Structure formats: structure tokens, C-alpha cells
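*Asks:* As input, take data_1.txt (compact mmCIF, C-alpha atoms and all ligand atoms):
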```
# COMPACT_ATOMS: atom_id res chain seq x y z
CA MET A 1 -13.81 -10.62 2.71
CA THR A 2 -10.40 -9.89 1.25
CA ARG A 3 -7.67 -8.72 3.59
CA ILE A 4 -4.88 -6.60 2.15
CA MET A 5 -1.78 -5.25 3.91
CA PHE A 6 0.23 -2.46 2.24
CA VAL A 7 3.87 -2.36 3.31
CA CYS A 8 6.60 0.25 2.84
CA THR A 9 9.67 1.17 4.88
CA GLY A 10 8.40 3.74 7.37
CA ASN A 11 4.58 3.59 7.10
CA ILE A 12 4.60 7.38 6.85
CA CYS A 13 4.53 7.96 3.06
CA ARG A 14 3.77 5.24 0.50
CA SER A 15 1.81 2.55 2.36
CA PRO A 16 -0.50 4.97 4.21
CA MET A 17 -1.13 6.72 0.87
CA ALA A 18 -2.09 3.36 -0.67
CA HIS A 19 -4.22 2.56 2.40
CA GLY A 20 -6.09 5.90 2.22
CA VAL A 21 -6.55 5.82 -1.55
CA PHE A 22 -7.78 2.22 -1.44
CA LEU A 23 -10.40 2.99 1.25
CA HIS A 24 -11.55 6.06 -0.69
CA ARG A 25 -11.82 4.35 -4.08
CA ALA A 26 -13.47 1.23 -2.58
CA ARG A 27 -16.10 3.46 -0.93
CA GLU A 28 -16.71 5.25 -4.22
CA ARG A 29 -17.47 1.89 -5.80
CA ASN A 30 -19.60 0.72 -2.85
CA MET A 31 -17.11 -2.10 -2.35
CA ALA A 32 -15.62 -1.08 0.99
CA ASP A 33 -17.41 -3.82 2.92
CA ARG A 34 -15.63 -6.46 0.84
CA PHE A 35 -12.19 -5.50 2.13
CA GLU A 36 -10.20 -5.12 5.28
CA VAL A 37 -7.09 -3.11 4.54
CA ASP A 38 -4.19 -1.99 6.67
CA SER A 39 -0.68 -0.62 6.26
CA SER A 40 2.64 -0.96 8.05
CA GLY A 41 6.38 -0.46 7.69
CA THR A 42 9.31 -2.88 7.62
CA THR A 43 11.25 -0.63 10.02
CA ALA A 44 10.35 0.82 13.42
CA TYR A 45 12.01 4.23 12.95
CA HIS A 46 8.75 6.13 12.61
CA VAL A 47 6.33 4.01 14.65
CA GLY A 48 3.66 6.19 16.25
CA GLU A 49 4.24 9.12 13.89
CA ALA A 50 1.55 10.74 11.79
CA MET A 51 1.75 10.51 8.02
CA ASP A 52 4.43 12.66 6.38
CA ARG A 53 2.77 16.06 5.83
CA ARG A 54 3.65 16.01 2.11
CA ALA A 55 1.92 12.62 1.73
CA ALA A 56 -1.17 13.82 3.64
CA ALA A 57 -1.24 17.03 1.56
CA GLU A 58 -1.17 15.06 -1.67
CA LEU A 59 -4.15 12.97 -0.52
CA GLN A 60 -5.99 16.15 0.54
CA HIS A 61 -5.28 17.64 -2.87
CA HIS A 62 -7.31 14.76 -4.32
CA GLY A 63 -10.12 15.13 -1.78
CA ILE A 64 -9.01 12.25 0.42
CA SER A 65 -8.96 12.79 4.18
CA PHE A 66 -6.94 10.08 5.85
CA SER A 67 -4.78 9.99 8.94
CA ASN A 68 -2.51 7.26 10.18
CA ASN A 69 -0.22 6.44 13.07
CA ALA A 70 2.76 4.50 11.80
CA ARG A 71 2.93 0.84 12.71
CA GLY A 72 5.56 -1.83 12.18
CA PHE A 73 4.68 -4.96 10.22
CA ARG A 74 3.84 -7.81 12.63
CA ASN A 75 5.07 -11.17 11.40
CA LYS A 76 2.71 -12.87 13.80
CA ASN A 77 -0.40 -11.56 12.00
CA ALA A 78 0.85 -12.19 8.47
CA GLY A 79 -1.25 -15.32 7.99
CA SER A 80 -4.46 -13.31 8.30
CA TYR A 81 -3.83 -11.39 5.04
CA ASP A 82 -4.74 -12.61 1.58
CA LEU A 83 -2.35 -10.14 -0.04
CA ILE A 84 0.74 -8.47 1.40
CA LEU A 85 1.73 -5.76 -1.07
CA ALA A 86 5.27 -4.42 -0.89
CA MET A 87 6.00 -0.95 -2.26
CA ASP A 88 9.58 -1.71 -3.31
CA ARG A 89 11.98 -4.55 -3.81
CA SER A 90 13.68 -4.00 -0.48
CA ASN A 91 10.33 -4.21 1.36
CA TYR A 92 9.51 -7.33 -0.66
CA GLU A 93 12.78 -9.01 0.29
CA SER A 94 12.36 -8.08 3.97
CA LEU A 95 8.91 -9.68 4.00
CA ARG A 96 10.19 -12.83 2.28
CA ARG A 97 12.98 -13.14 4.84
CA ALA A 98 10.63 -12.56 7.77
CA LEU A 99 7.80 -14.89 6.77
CA PRO A 100 7.60 -18.66 6.37
CA SER A 101 7.67 -19.95 2.81
CA SER A 102 4.06 -21.11 3.19
CA LEU A 103 3.08 -17.40 3.06
CA HIS A 104 5.40 -16.29 0.25
CA ASP A 105 2.79 -16.55 -2.49
CA ARG A 106 0.74 -13.85 -0.69
CA ILE A 107 3.62 -11.35 -0.90
CA ARG A 108 3.70 -9.34 -4.12
CA LEU A 109 5.05 -6.06 -5.33
CA PHE A 110 2.17 -3.55 -5.25
CA ARG A 111 2.91 -2.38 -8.80
CA SER A 112 2.65 -5.89 -10.19
CA PHE A 113 -1.03 -4.85 -10.42
CA ASP A 114 -0.18 -1.57 -12.21
CA PRO A 115 -1.21 -1.69 -15.88
CA GLU A 116 1.78 0.59 -16.53
CA GLY A 117 4.03 -1.41 -14.19
CA SER A 118 5.46 -4.90 -14.29
CA GLU A 119 6.29 -7.82 -12.01
CA THR A 120 9.36 -5.85 -10.86
CA ALA A 121 8.09 -2.23 -10.86
CA GLU A 122 8.49 -0.31 -7.60
CA VAL A 123 6.91 2.71 -5.94
CA PRO A 124 10.05 4.80 -5.34
CA ASP A 125 10.71 6.16 -1.87
CA PRO A 126 9.66 9.86 -2.01
CA TRP A 127 10.88 10.72 1.49
CA TYR A 128 14.19 12.42 0.65
CA GLY A 129 12.89 14.27 -2.41
CA GLY A 130 10.56 17.18 -3.08
CA ARG A 131 6.86 17.55 -3.79
CA GLN A 132 7.05 16.16 -7.33
CA GLY A 133 8.04 12.77 -5.91
CA PHE A 134 4.80 12.68 -3.94
CA VAL A 135 2.78 13.76 -6.98
CA ASP A 136 4.33 10.92 -9.03
CA VAL A 137 3.84 8.39 -6.23
CA TYR A 138 0.18 9.41 -5.87
CA THR A 139 -0.41 8.89 -9.60
CA MET A 140 1.03 5.39 -9.62
CA ILE A 141 -0.72 4.44 -6.37
CA ASP A 142 -4.13 5.64 -7.58
CA ARG A 143 -3.79 3.87 -10.95
CA THR A 144 -2.70 0.66 -9.22
CA VAL A 145 -5.48 0.81 -6.60
CA GLU A 146 -8.06 1.19 -9.38
CA ALA A 147 -6.55 -1.84 -11.14
CA ILE A 148 -6.69 -3.92 -7.95
CA LEU A 149 -10.35 -2.94 -7.44
CA ASP A 150 -11.05 -3.80 -11.09
CA THR A 151 -9.81 -7.35 -10.52
CA TYR A 152 -12.32 -7.74 -7.67
CA THR A 153 -15.14 -5.99 -9.56
CA GLU A 154 -14.91 -8.67 -12.20
CA ARG A 155 -15.43 -11.39 -9.60
CA VAL A 156 -18.80 -12.43 -8.25
CA SER A 157 -17.58 -12.61 -4.65
P1 LIG B 201 7.88 5.28 3.35
O1 LIG B 201 9.01 6.41 3.30
O2 LIG B 201 8.59 3.95 3.42
O3 LIG B 201 7.16 5.46 2.07
O4 LIG B 201 7.05 5.57 4.58
C1 LIG B 201 10.13 6.35 4.13
C2 LIG B 201 10.08 6.94 5.36
C3 LIG B 201 11.19 6.90 6.19
C4 LIG B 201 12.34 6.26 5.77
C5 LIG B 201 12.38 5.66 4.52
C6 LIG B 201 11.28 5.71 3.70
N1 LIG B 201 13.48 6.23 6.60
O5 LIG B 201 14.53 5.73 6.16
O6 LIG B 201 13.42 6.64 7.76
```
If you took the structure in this file and wrote it as C-alpha cells, what would it be?
*Replies:*
Amino acid sequence: MTRIMFVCTGNICRSPMAHGVFLHRARERNMADRFEVDSSGTTAYHVGEAMDRRAAAELQHHGISFSNNARGFRNKNAGSYDLILAMDRSNYESLRRALPSSLHDRIRLFRSFDPEGSETAEVPDPWYGGRQGFVDVYTMIDRTVEAILDTYTERVS
């Protein structure tokens, strides 16, 4: 079992999109039982809120039904995750500050897995922008999720 936590700022746009896309793509590959995935935000501003309607609409547009109630990242549970994937640099730095150095090697930028990304590539915050931002974010999230699943497909267990 591999445990993955997706982290953004509010847990209303990027990390719930990654969470929903990951569950969907893992099910398509009959790999869902190999993972436990979750998402959360580095801030508490939106805790308890549903996903941003533009984020949910973008998932729906791709045939993915997913709903989420925003949660804050809990430092206490961090040790139970194999991978803690930060959507942007600011989320990454917040996690590094919050967690003991023994856990730092589990924290990575999500797009470090993106074949079109890099060790420093970010998923930009789409919250203040228009629909196109969500379309672009979906594209990079889906491509990166597929790449993450590929890395596990190539393993025996
Ligand atoms: P998310 O988007 O981190 O992708 O959920 C944001 C949502 C809210 C805020 C920032 C980003 N905010 O500053 O309230």
C-alpha cells in the first residue's frame, strides 16, 4: 500500500483535483487498491468548504465525479504518508518548515513527476483567474497523475 497526500493552499482547487483525478485514473487501471490517497491545504481559510465550483466543473467535464470538504494538513499524521506532494513552492516550503527533517525526503513538488515539468515546476494557483487557468491546471494534473501511476505500474508491488 502506498499512501499519498496532495497538498495545496486551500484544498478547494488544485489538491482536490489531483485527489479526484488520481482516484479516477487508478480505478481505470485497476490499481486503486494499491493506494490510499488524500488531500489537504496548508491554510485553514477554506476548511469545511466544498471544492471550488470551477474545479469541480473541470473534473465533470472529463467525466470525473468527485466531491471534497476542505481539510487542513495535519502535521501529526505526516509520518503515515509515503509521499507528500506539494502543488507549489510555497506549499513545499510550508511543509518543510512544519515537519521534522526525518520526513523531508517524503515531501516533493507534485510536478517533479511531470514529464513536461522539472524538479522546480509548480501547479499555479488558479483561484484568482478565469476558467482557462482551471483547464491548464487540469491538463498538468492529469499528465502528472498518469506519470505517477506509470512509476508504480512498472513495479511488481
Ligand atoms: P488551492 O487554491 O490552493 O488550489 O485550493 C487556493 C484557494 C484559496 C486561496 C489560495 C489558493 N486563498 O488564498 O484563500
*Asks:* Could you check which of A:Ile64, A:Cys13, A:Ile107, A:Gly117 is closest to A:Glu28, using all atoms listed in the file?
*Replies:*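 Under the stated criterion, the closest residue is A:Ile64.
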*Asks:* Could you list, as a ChimeraX atom specification, all residues that come within 9 Å of ligand LIG 201 (chain B)? Count only C-alpha atoms and all ligand atoms.
*Replies:* /A:7-17,40-46,51-52,55,70,87-88,91,123-128
*Asks:* State, in Å with one decimal place, the distance from atom CA of A:Tyr81 to atom CA of A:Glu36.
*Replies:* 8.9 Å
*Asks:* Taking only C-alpha atoms into account, name the residue in A:Arg71, A:Arg34, A:Arg3, A:His62 that is nearest to A:Val47.
*Replies:*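 Comparing A:Arg71, A:Arg34, A:Arg3, A:His62 against A:Val47, the winner is A:Arg71.
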*Asks:* What separation in Å, quoted to one decimal, exists between atom CA of A:Leu99 and atom CA of A:Met140?
*Replies:* 26.9 Å
*Asks:* Quick one: distance from atom CA of A:Ser90 to atom CA of A:Arg108 in Å, one decimal?
*Replies:*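 Here the two named atoms are 11.9 Å from each other.
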*Asks:* Can you patch up stretch 10-21 of chain A, filling it in to all heavy atoms, and show the result as a PDB file, in the coordinates of the input?
*Replies:*
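Ended up saving to part-v6.pdb:
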```pdb
ATOM      1  N   GLY A  10       8.677   3.006   6.142  1.00  0.00           N
ATOM      2  CA  GLY A  10       8.400   3.740   7.370  1.00  0.00           C
ATOM      3  C   GLY A  10       6.945   3.802   7.786  1.00  0.00           C
ATOM      4  O   GLY A  10       6.632   4.224   8.892  1.00  0.00           O
ATOM      5  N   ASN A  11       6.029   3.419   6.887  1.00  0.00           N
ATOM      6  CA  ASN A  11       4.580   3.590   7.100  1.00  0.00           C
ATOM      7  C   ASN A  11       4.216   5.061   7.366  1.00  0.00           C
ATOM      8  O   ASN A  11       3.292   5.357   8.130  1.00  0.00           O
ATOM      9  CB  ASN A  11       4.051   2.670   8.215  1.00  0.00           C
ATOM     10  CG  ASN A  11       2.523   2.601   8.313  1.00  0.00           C
ATOM     11  OD1 ASN A  11       1.955   2.602   9.403  1.00  0.00           O
ATOM     12  ND2 ASN A  11       1.845   2.535   7.191  1.00  0.00           N
ATOM     13  N   ILE A  12       4.981   5.967   6.737  1.00  0.00           N
ATOM     14  CA  ILE A  12       4.600   7.380   6.850  1.00  0.00           C
ATOM     15  C   ILE A  12       4.335   8.017   5.478  1.00  0.00           C
ATOM     16  O   ILE A  12       3.763   9.101   5.415  1.00  0.00           O
ATOM     17  CB  ILE A  12       5.625   8.232   7.635  1.00  0.00           C
ATOM     18  CG1 ILE A  12       7.026   8.095   7.044  1.00  0.00           C
ATOM     19  CG2 ILE A  12       5.590   7.883   9.113  1.00  0.00           C
ATOM     20  CD1 ILE A  12       8.028   9.067   7.659  1.00  0.00           C
ATOM     21  N   CYS A  13       4.764   7.375   4.390  1.00  0.00           N
ATOM     22  CA  CYS A  13       4.530   7.960   3.060  1.00  0.00           C
ATOM     23  C   CYS A  13       3.723   7.012   2.152  1.00  0.00           C
ATOM     24  O   CYS A  13       2.514   7.186   1.978  1.00  0.00           O
ATOM     25  CB  CYS A  13       5.846   8.314   2.359  1.00  0.00           C
ATOM     26  SG  CYS A  13       6.883   9.476   3.271  1.00  0.00           S
ATOM     27  N   ARG A  14       4.390   6.033   1.566  1.00  0.00           N
ATOM     28  CA  ARG A  14       3.770   5.240   0.500  1.00  0.00           C
ATOM     29  C   ARG A  14       2.640   4.336   0.964  1.00  0.00           C
ATOM     30  O   ARG A  14       1.545   4.345   0.360  1.00  0.00           O
ATOM     31  CB  ARG A  14       4.844   4.412  -0.235  1.00  0.00           C
ATOM     32  CG  ARG A  14       5.841   5.261  -0.982  1.00  0.00           C
ATOM     33  CD  ARG A  14       7.064   4.451  -1.373  1.00  0.00           C
ATOM     34  NE  ARG A  14       7.836   4.072  -0.179  1.00  0.00           N
ATOM     35  CZ  ARG A  14       8.904   3.311  -0.191  1.00  0.00           C
ATOM     36  NH1 ARG A  14       9.333   2.793  -1.342  1.00  0.00           N
ATOM     37  NH2 ARG A  14       9.551   3.038   0.925  1.00  0.00           N
ATOM     38  N   SER A  15       2.880   3.500   1.996  1.00  0.00           N
ATOM     39  CA  SER A  15       1.810   2.550   2.360  1.00  0.00           C
ATOM     40  C   SER A  15       0.590   3.234   2.967  1.00  0.00           C
ATOM     41  O   SER A  15      -0.539   2.816   2.658  1.00  0.00           O
ATOM     42  CB  SER A  15       2.334   1.398   3.230  1.00  0.00           C
ATOM     43  OG  SER A  15       2.809   1.831   4.474  1.00  0.00           O
ATOM     44  N   PRO A  16       0.739   4.308   3.776  1.00  0.00           N
ATOM     45  CA  PRO A  16      -0.500   4.970   4.210  1.00  0.00           C
ATOM     46  C   PRO A  16      -1.222   5.667   3.052  1.00  0.00           C
ATOM     47  O   PRO A  16      -2.457   5.760   3.070  1.00  0.00           O
ATOM     48  CB  PRO A  16      -0.049   5.967   5.289  1.00  0.00           C
ATOM     49  CG  PRO A  16       1.424   6.067   5.163  1.00  0.00           C
ATOM     50  CD  PRO A  16       1.912   4.815   4.513  1.00  0.00           C
ATOM     51  N   MET A  17      -0.462   6.145   2.049  1.00  0.00           N
ATOM     52  CA  MET A  17      -1.130   6.720   0.870  1.00  0.00           C
ATOM     53  C   MET A  17      -1.950   5.629   0.177  1.00  0.00           C
ATOM     54  O   MET A  17      -3.115   5.835  -0.173  1.00  0.00           O
ATOM     55  CB  MET A  17      -0.120   7.326  -0.106  1.00  0.00           C
ATOM     56  CG  MET A  17       0.491   8.639   0.381  1.00  0.00           C
ATOM     57  SD  MET A  17       1.798   9.254  -0.723  1.00  0.00           S
ATOM     58  CE  MET A  17       0.846  10.104  -1.969  1.00  0.00           C
ATOM     59  N   ALA A  18      -1.366   4.455  -0.017  1.00  0.00           N
ATOM     60  CA  ALA A  18      -2.090   3.360  -0.670  1.00  0.00           C
ATOM     61  C   ALA A  18      -3.310   2.958   0.150  1.00  0.00           C
ATOM     62  O   ALA A  18      -4.402   2.722  -0.387  1.00  0.00           O
ATOM     63  CB  ALA A  18      -1.149   2.161  -0.865  1.00  0.00           C
ATOM     64  N   HIS A  19      -3.132   2.920   1.468  1.00  0.00           N
ATOM     65  CA  HIS A  19      -4.220   2.560   2.400  1.00  0.00           C
ATOM     66  C   HIS A  19      -5.383   3.557   2.253  1.00  0.00           C
ATOM     67  O   HIS A  19      -6.541   3.162   2.069  1.00  0.00           O
ATOM     68  CB  HIS A  19      -3.600   2.590   3.806  1.00  0.00           C
ATOM     69  CG  HIS A  19      -4.468   2.136   4.917  1.00  0.00           C
ATOM     70  ND1 HIS A  19      -4.011   2.032   6.207  1.00  0.00           N
ATOM     71  CD2 HIS A  19      -5.773   1.788   4.970  1.00  0.00           C
ATOM     72  CE1 HIS A  19      -4.998   1.628   6.994  1.00  0.00           C
ATOM     73  NE2 HIS A  19      -6.072   1.464   6.266  1.00  0.00           N
ATOM     74  N   GLY A  20      -5.056   4.859   2.309  1.00  0.00           N
ATOM     75  CA  GLY A  20      -6.090   5.900   2.220  1.00  0.00           C
ATOM     76  C   GLY A  20      -6.765   5.937   0.860  1.00  0.00           C
ATOM     77  O   GLY A  20      -7.985   6.082   0.761  1.00  0.00           O
ATOM     78  N   VAL A  21      -5.977   5.800  -0.199  1.00  0.00           N
ATOM     79  CA  VAL A  21      -6.550   5.820  -1.550  1.00  0.00           C
ATOM     80  C   VAL A  21      -7.434   4.591  -1.750  1.00  0.00           C
ATOM     81  O   VAL A  21      -8.535   4.689  -2.308  1.00  0.00           O
ATOM     82  CB  VAL A  21      -5.429   5.877  -2.633  1.00  0.00           C
ATOM     83  CG1 VAL A  21      -6.014   5.663  -4.026  1.00  0.00           C
ATOM     84  CG2 VAL A  21      -4.686   7.208  -2.566  1.00  0.00           C
TER      85      VAL A  21
END
```
